[in-house]
Amino acid sequence: MYAGFFGLRQPPFSIAPDPHYLFMSERHREALAHLLYGVQGGGGFVLLTGEIGAGKTTVCRAFLEQVPANCRVAYIFNPKLTVNDLLKTICHEFQIEVRPDGGGPATIKDHLDPLNEYLLASHAQGQHNLLIIDEAQNLSPHVLEQLRLLTNLETHERKLLQIVLIGQPELRSLLAQPELEQLAQRVIARFHLGALSEDETRQYVRHRMEVAGLTGPLPFSDAAVARVHALTRGVPRRINLLCDRALLGAYASDRREVDPAIVDRAAQEVFDTPAPALSTAPSAHTAARPWAALGLGALGGAAVLGTAVFAFWQWPGLLQGLLPTRAEPATATALPAATRAAEPGAVPPSAQPIPSPSTTTTSTPATLPAAAAADEPLLNQPPPSSALLTAETSAWRELGPLWGQPLAGDNPCAVAQTQGLQCFRTARMSLHGLRQLDRPGILTLHLPDGPVRALATALSADSLTLQAGTQRWRLSLDALATVWRGEYATLWRTPPGTTVRLGNVSTGPAVQWMDQRLAAIQAAGQLPADASDFSTRLHAFQQSQGIDGGGKATPMTFMQVNRLSGVAEPRLISP
């Protein structure tokens with residue numbers, strides 16, 4: 001509602017754990033370093049604890065983007081399970097087939113035997129396996145002891161299963177119990193994520209605003225930021241809740257700056273606390289739930305919003321042409337199709353397209369109708385298998401028109417290569433990765449009838465739009481998580497004149513083209529000025545994008561360079 005008023009592309013203070021918004025304070029950097037050390041440290045347990053809302057899950061999501069390519073990850077976010085259910089979930093996450101012995105329900109042994117076989121086989125293939133358990137303070141001592149037993153399988157050099165436990169401070173107390181002493185001795189790295197200092201709170205607020213698109217001065221006064229820190233105690237999630245409501249209050253009163261009085265009124269609404277004693281505090285009959293009517297206003301129109309806000313706030317000047325003069329659209333569907341398809345999904349200001357230094361791609365990809373991503377009802381279960389695509393070839397053929405190219409024939413990827421495109425596949429994509437790549441692609445969904453495919457064409461904060469043939473579905477992200485294991489495929493535009501398939505390259509015309517693009521990105525201030533040659537620029541760019549390139553230009557690197565330097569490629573619609 002208020003984003004356009006403050007010059008933002010999107011609300012900056014969502015409480016969703018989006019690594020894109022991760023503010024790397026010194027504490028967060030240390031936490032991430034401990035997780036990375038743990039995954040490389042030969043096995044055992046890694047422990048990350050922190051207060052509620054301190055950013056543990058967000059750090060973990062950022063960590064998942066940096067795990068080595070040879071590391072398979074099982075992520076459990078609801079650990080209130082019995083031992084049998086936990087083992088069943090682990091086997092499901094690692095895609096291990098469990099066959100009960102005797103025809104009855106699967107026993108603990110029925111799960112442990114194939115799990116052990118899987119760990120030994122993957123180790124022989126040079127693979128590592130990582131189990132991450134969020135909200136681990138909810139684990140019972142009995143389940144924790146079973147987890148310890150899982151780490152008994154080891155070689156001379158390392159344990160075959162590494163386990164990361166993430167939880168609230170009581171997790172430390174739980175592991176300090178005498179009966180869990182053996183597990184505690186297997187913790188090879190532990191870190192407690194504390195709250196932000198006042199200076200870090202100021203940096204945090206500015207960081208999130210800038211990621212959301214802020215280019216001018218911070219709309220929070222210094223006194224307001226100090227008040228935010230005092231009321232939230234430096235806890236990021238509380239900061240998000242309070243700042244979001246404070247910006248909404250400033251918007252409602254047509255004020256471009258948030259002051260301490262607005263922050264206090266926001267805190268009264270968000271935290272349900274008594275009104276602070278300020279000289280500018282509202283009267284008793286206006287203090288209760290001051291923004292409750294704003295949701296009604298969004299649904300009922302500008303007139304209802306103006307009346308409701310005035311009734312609650314009674315601030316001078318509120319109705320002096322405030323709402324009718326706003327130039328922002330009421331909904332995403334009011335934007336032209338081409339505009340909405342071209343805007344980034346969740347890209348910080350530093351990731352805006354850079355003018356091409358030399359050549360420009362002129363072909364314009366096809367786009368979906370503007371309302372396609374927003375008009376579909378939200379589904380909490382996947383569409384039926386019969387409505388989706390069974391063959392990958394069919395999915396590639398449907399993806400081609402979004403790039404303005406038909407991909408006919410039995411080998412669409414070979415056809416794509418003749419048209420300046422290249423296929424890309426991975427089995428380790430995440431939602432954050434989808435937002436970062438910001439391009440339509442093919443998702444493989446695992447339904448009861450077997451794997452099927454659909455195009456991912458739009459991504460919002462709570463849903464993903466799938467397409468197959470002429471049908472579209474807007475699937476909740478919770479429902480998506482139950483059927484999508486990270487298998488993703490897409491297209492990317494290769495540098496002009498490329499005639500061969502590009503893998504991880506370090507020399508040749510494609511690298512020269514990338515060097516020109518990186519130089520332009522550097523000139524725009526998005527890479528360190530002291531990166532004086534291609535190697536250092538490439539390393540700096542890959543590090544900024546979370547890409548493990550090993551000193552070579554990978555397809556993922558080309559895709560991100562394309563996105564940031566303005567190469568014409570289709571984008572995910574952002575409802």
# chains A, B, ... in the order shown; residues from 1 in each chain; ligands from 1
$ closest_atom_pairs --of "range 91-118 of chain A" --to "range 75-80 of chain A" --cutoff "12 Å" --atoms "only C-alpha atoms" --output "tab-separated table"
residue	atom	partner	partner_atom	distance
A:Cys91	CA	A:Tyr75	CA	11.2
A:His92	CA	A:Tyr75	CA	10.5
A:Glu93	CA	A:Tyr75	CA	7.2
A:Phe94	CA	A:Tyr75	CA	9.6
$ select_by_dssp --residues "range 365-447 of chain A" --states "alpha helix (DSSP H)" --output "VMD selection string"
chain A and resid 372 to 375 392 to 399 412 to 418 431 to 437
$ closest_atom_pairs --of "range 411-516 of chain A" --to "range 542-565 of chain A" --cutoff "12 Å" --atoms "only C-alpha atoms" --output "JSON lines"
{"residue": "A:Leu421", "atom": "CA", "partner": "A:Met559", "partner_atom": "CA", "distance": 11.1}
{"residue": "A:Gln422", "atom": "CA", "partner": "A:Pro555", "partner_atom": "CA", "distance": 9.0}
{"residue": "A:Cys423", "atom": "CA", "partner": "A:Pro555", "partner_atom": "CA", "distance": 9.4}
{"residue": "A:Phe424", "atom": "CA", "partner": "A:Pro555", "partner_atom": "CA", "distance": 7.5}
{"residue": "A:Arg425", "atom": "CA", "partner": "A:Pro555", "partner_atom": "CA", "distance": 10.0}
{"residue": "A:Thr426", "atom": "CA", "partner": "A:Met556", "partner_atom": "CA", "distance": 10.3}
{"residue": "A:Met429", "atom": "CA", "partner": "A:Met556", "partner_atom": "CA", "distance": 11.5}
{"residue": "A:His432", "atom": "CA", "partner": "A:Gly546", "partner_atom": "CA", "distance": 11.2}
{"residue": "A:Gly433", "atom": "CA", "partner": "A:Gly546", "partner_atom": "CA", "distance": 9.9}
{"residue": "A:Leu434", "atom": "CA", "partner": "A:Gln560", "partner_atom": "CA", "distance": 11.8}
{"residue": "A:Arg435", "atom": "CA", "partner": "A:Gln560", "partner_atom": "CA", "distance": 11.6}
{"residue": "A:Gln436", "atom": "CA", "partner": "A:Gln560", "partner_atom": "CA", "distance": 8.3}
{"residue": "A:Leu437", "atom": "CA", "partner": "A:Gln560", "partner_atom": "CA", "distance": 6.7}
{"residue": "A:Asp438", "atom": "CA", "partner": "A:Arg563", "partner_atom": "CA", "distance": 8.2}
{"residue": "A:Arg439", "atom": "CA", "partner": "A:Arg563", "partner_atom": "CA", "distance": 9.2}
{"residue": "A:Ala489", "atom": "CA", "partner": "A:Met556", "partner_atom": "CA", "distance": 11.8}
{"residue": "A:Thr490", "atom": "CA", "partner": "A:Met559", "partner_atom": "CA", "distance": 10.3}
{"residue": "A:Leu491", "atom": "CA", "partner": "A:Met559", "partner_atom": "CA", "distance": 9.0}
{"residue": "A:Trp492", "atom": "CA", "partner": "A:Met559", "partner_atom": "CA", "distance": 6.1}
{"residue": "A:Arg493", "atom": "CA", "partner": "A:Asn562", "partner_atom": "CA", "distance": 7.7}
{"residue": "A:Thr494", "atom": "CA", "partner": "A:Phe558", "partner_atom": "CA", "distance": 7.7}
{"residue": "A:Pro495", "atom": "CA", "partner": "A:Phe558", "partner_atom": "CA", "distance": 8.6}
{"residue": "A:Pro496", "atom": "CA", "partner": "A:Asn562", "partner_atom": "CA", "distance": 11.9}
{"residue": "A:Arg501", "atom": "CA", "partner": "A:Pro555", "partner_atom": "CA", "distance": 10.0}
{"residue": "A:Leu502", "atom": "CA", "partner": "A:Pro555", "partner_atom": "CA", "distance": 7.2}
{"residue": "A:Gly503", "atom": "CA", "partner": "A:Thr554", "partner_atom": "CA", "distance": 6.2}
{"residue": "A:Asn504", "atom": "CA", "partner": "A:Thr554", "partner_atom": "CA", "distance": 4.4}
{"residue": "A:Val505", "atom": "CA", "partner": "A:Ala553", "partner_atom": "CA", "distance": 5.2}
{"residue": "A:Ser506", "atom": "CA", "partner": "A:Lys552", "partner_atom": "CA", "distance": 5.0}
{"residue": "A:Thr507", "atom": "CA", "partner": "A:Lys552", "partner_atom": "CA", "distance": 8.7}
{"residue": "A:Gly508", "atom": "CA", "partner": "A:Ala553", "partner_atom": "CA", "distance": 10.8}
{"residue": "A:Pro509", "atom": "CA", "partner": "A:Ala553", "partner_atom": "CA", "distance": 11.9}
{"residue": "A:Ala510", "atom": "CA", "partner": "A:Ala553", "partner_atom": "CA", "distance": 9.0}
{"residue": "A:Val511", "atom": "CA", "partner": "A:Ala553", "partner_atom": "CA", "distance": 7.1}
{"residue": "A:Gln512", "atom": "CA", "partner": "A:Ala553", "partner_atom": "CA", "distance": 10.7}
{"residue": "A:Trp513", "atom": "CA", "partner": "A:Phe558", "partner_atom": "CA", "distance": 10.1}
{"residue": "A:Met514", "atom": "CA", "partner": "A:Val561", "partner_atom": "CA", "distance": 7.5}
{"residue": "A:Asp515", "atom": "CA", "partner": "A:Val561", "partner_atom": "CA", "distance": 10.0}
{"residue": "A:Gln516", "atom": "CA", "partner": "A:Ser565", "partner_atom": "CA", "distance": 10.2}
$ write_last_selection --atoms "C-alpha atoms" --output "tab-separated table (two decimals), in the first residue's frame"
chain	number	residue	atom	x	y	z
A	421	LEU	CA	19.70	-19.94	-26.36
A	422	GLN	CA	20.98	-22.65	-24.05
A	423	CYS	CA	19.20	-25.06	-21.72
A	424	PHE	CA	20.07	-25.12	-18.04
A	425	ARG	CA	19.11	-27.79	-15.49
A	426	THR	CA	19.66	-28.18	-11.77
A	429	MET	CA	17.08	-24.87	-6.94
A	432	HIS	CA	15.33	-17.79	-3.17
A	433	GLY	CA	17.19	-18.98	-6.25
A	434	LEU	CA	14.04	-18.59	-8.35
A	435	ARG	CA	13.67	-15.01	-7.17
A	436	GLN	CA	17.32	-14.32	-7.84
A	437	LEU	CA	17.33	-15.75	-11.37
A	438	ASP	CA	13.96	-14.09	-12.03
A	439	ARG	CA	13.05	-16.05	-15.16
A	489	ALA	CA	15.20	-26.11	-15.85
A	490	THR	CA	15.25	-22.91	-17.87
A	491	LEU	CA	16.80	-21.12	-20.85
A	492	TRP	CA	19.39	-18.38	-21.03
A	493	ARG	CA	20.62	-16.24	-23.88
A	494	THR	CA	24.22	-16.91	-24.90
A	495	PRO	CA	26.64	-14.12	-25.92
A	496	PRO	CA	26.40	-12.99	-29.56
A	501	ARG	CA	27.35	-25.14	-25.82
A	502	LEU	CA	28.94	-23.21	-22.96
A	503	GLY	CA	29.89	-24.94	-19.74
A	504	ASN	CA	32.34	-23.57	-17.19
A	505	VAL	CA	34.67	-21.48	-19.34
A	506	SER	CA	37.71	-19.32	-18.61
A	507	THR	CA	38.79	-18.24	-22.11
A	508	GLY	CA	37.30	-17.45	-25.51
A	509	PRO	CA	34.91	-14.91	-27.06
A	510	ALA	CA	32.17	-15.56	-24.49
A	511	VAL	CA	34.57	-14.69	-21.68
A	512	GLN	CA	35.61	-11.52	-23.52
A	513	TRP	CA	31.94	-10.57	-23.82
A	514	MET	CA	31.41	-11.21	-20.10
A	515	ASP	CA	34.48	-9.12	-19.26
A	516	GLN	CA	32.91	-6.16	-21.08
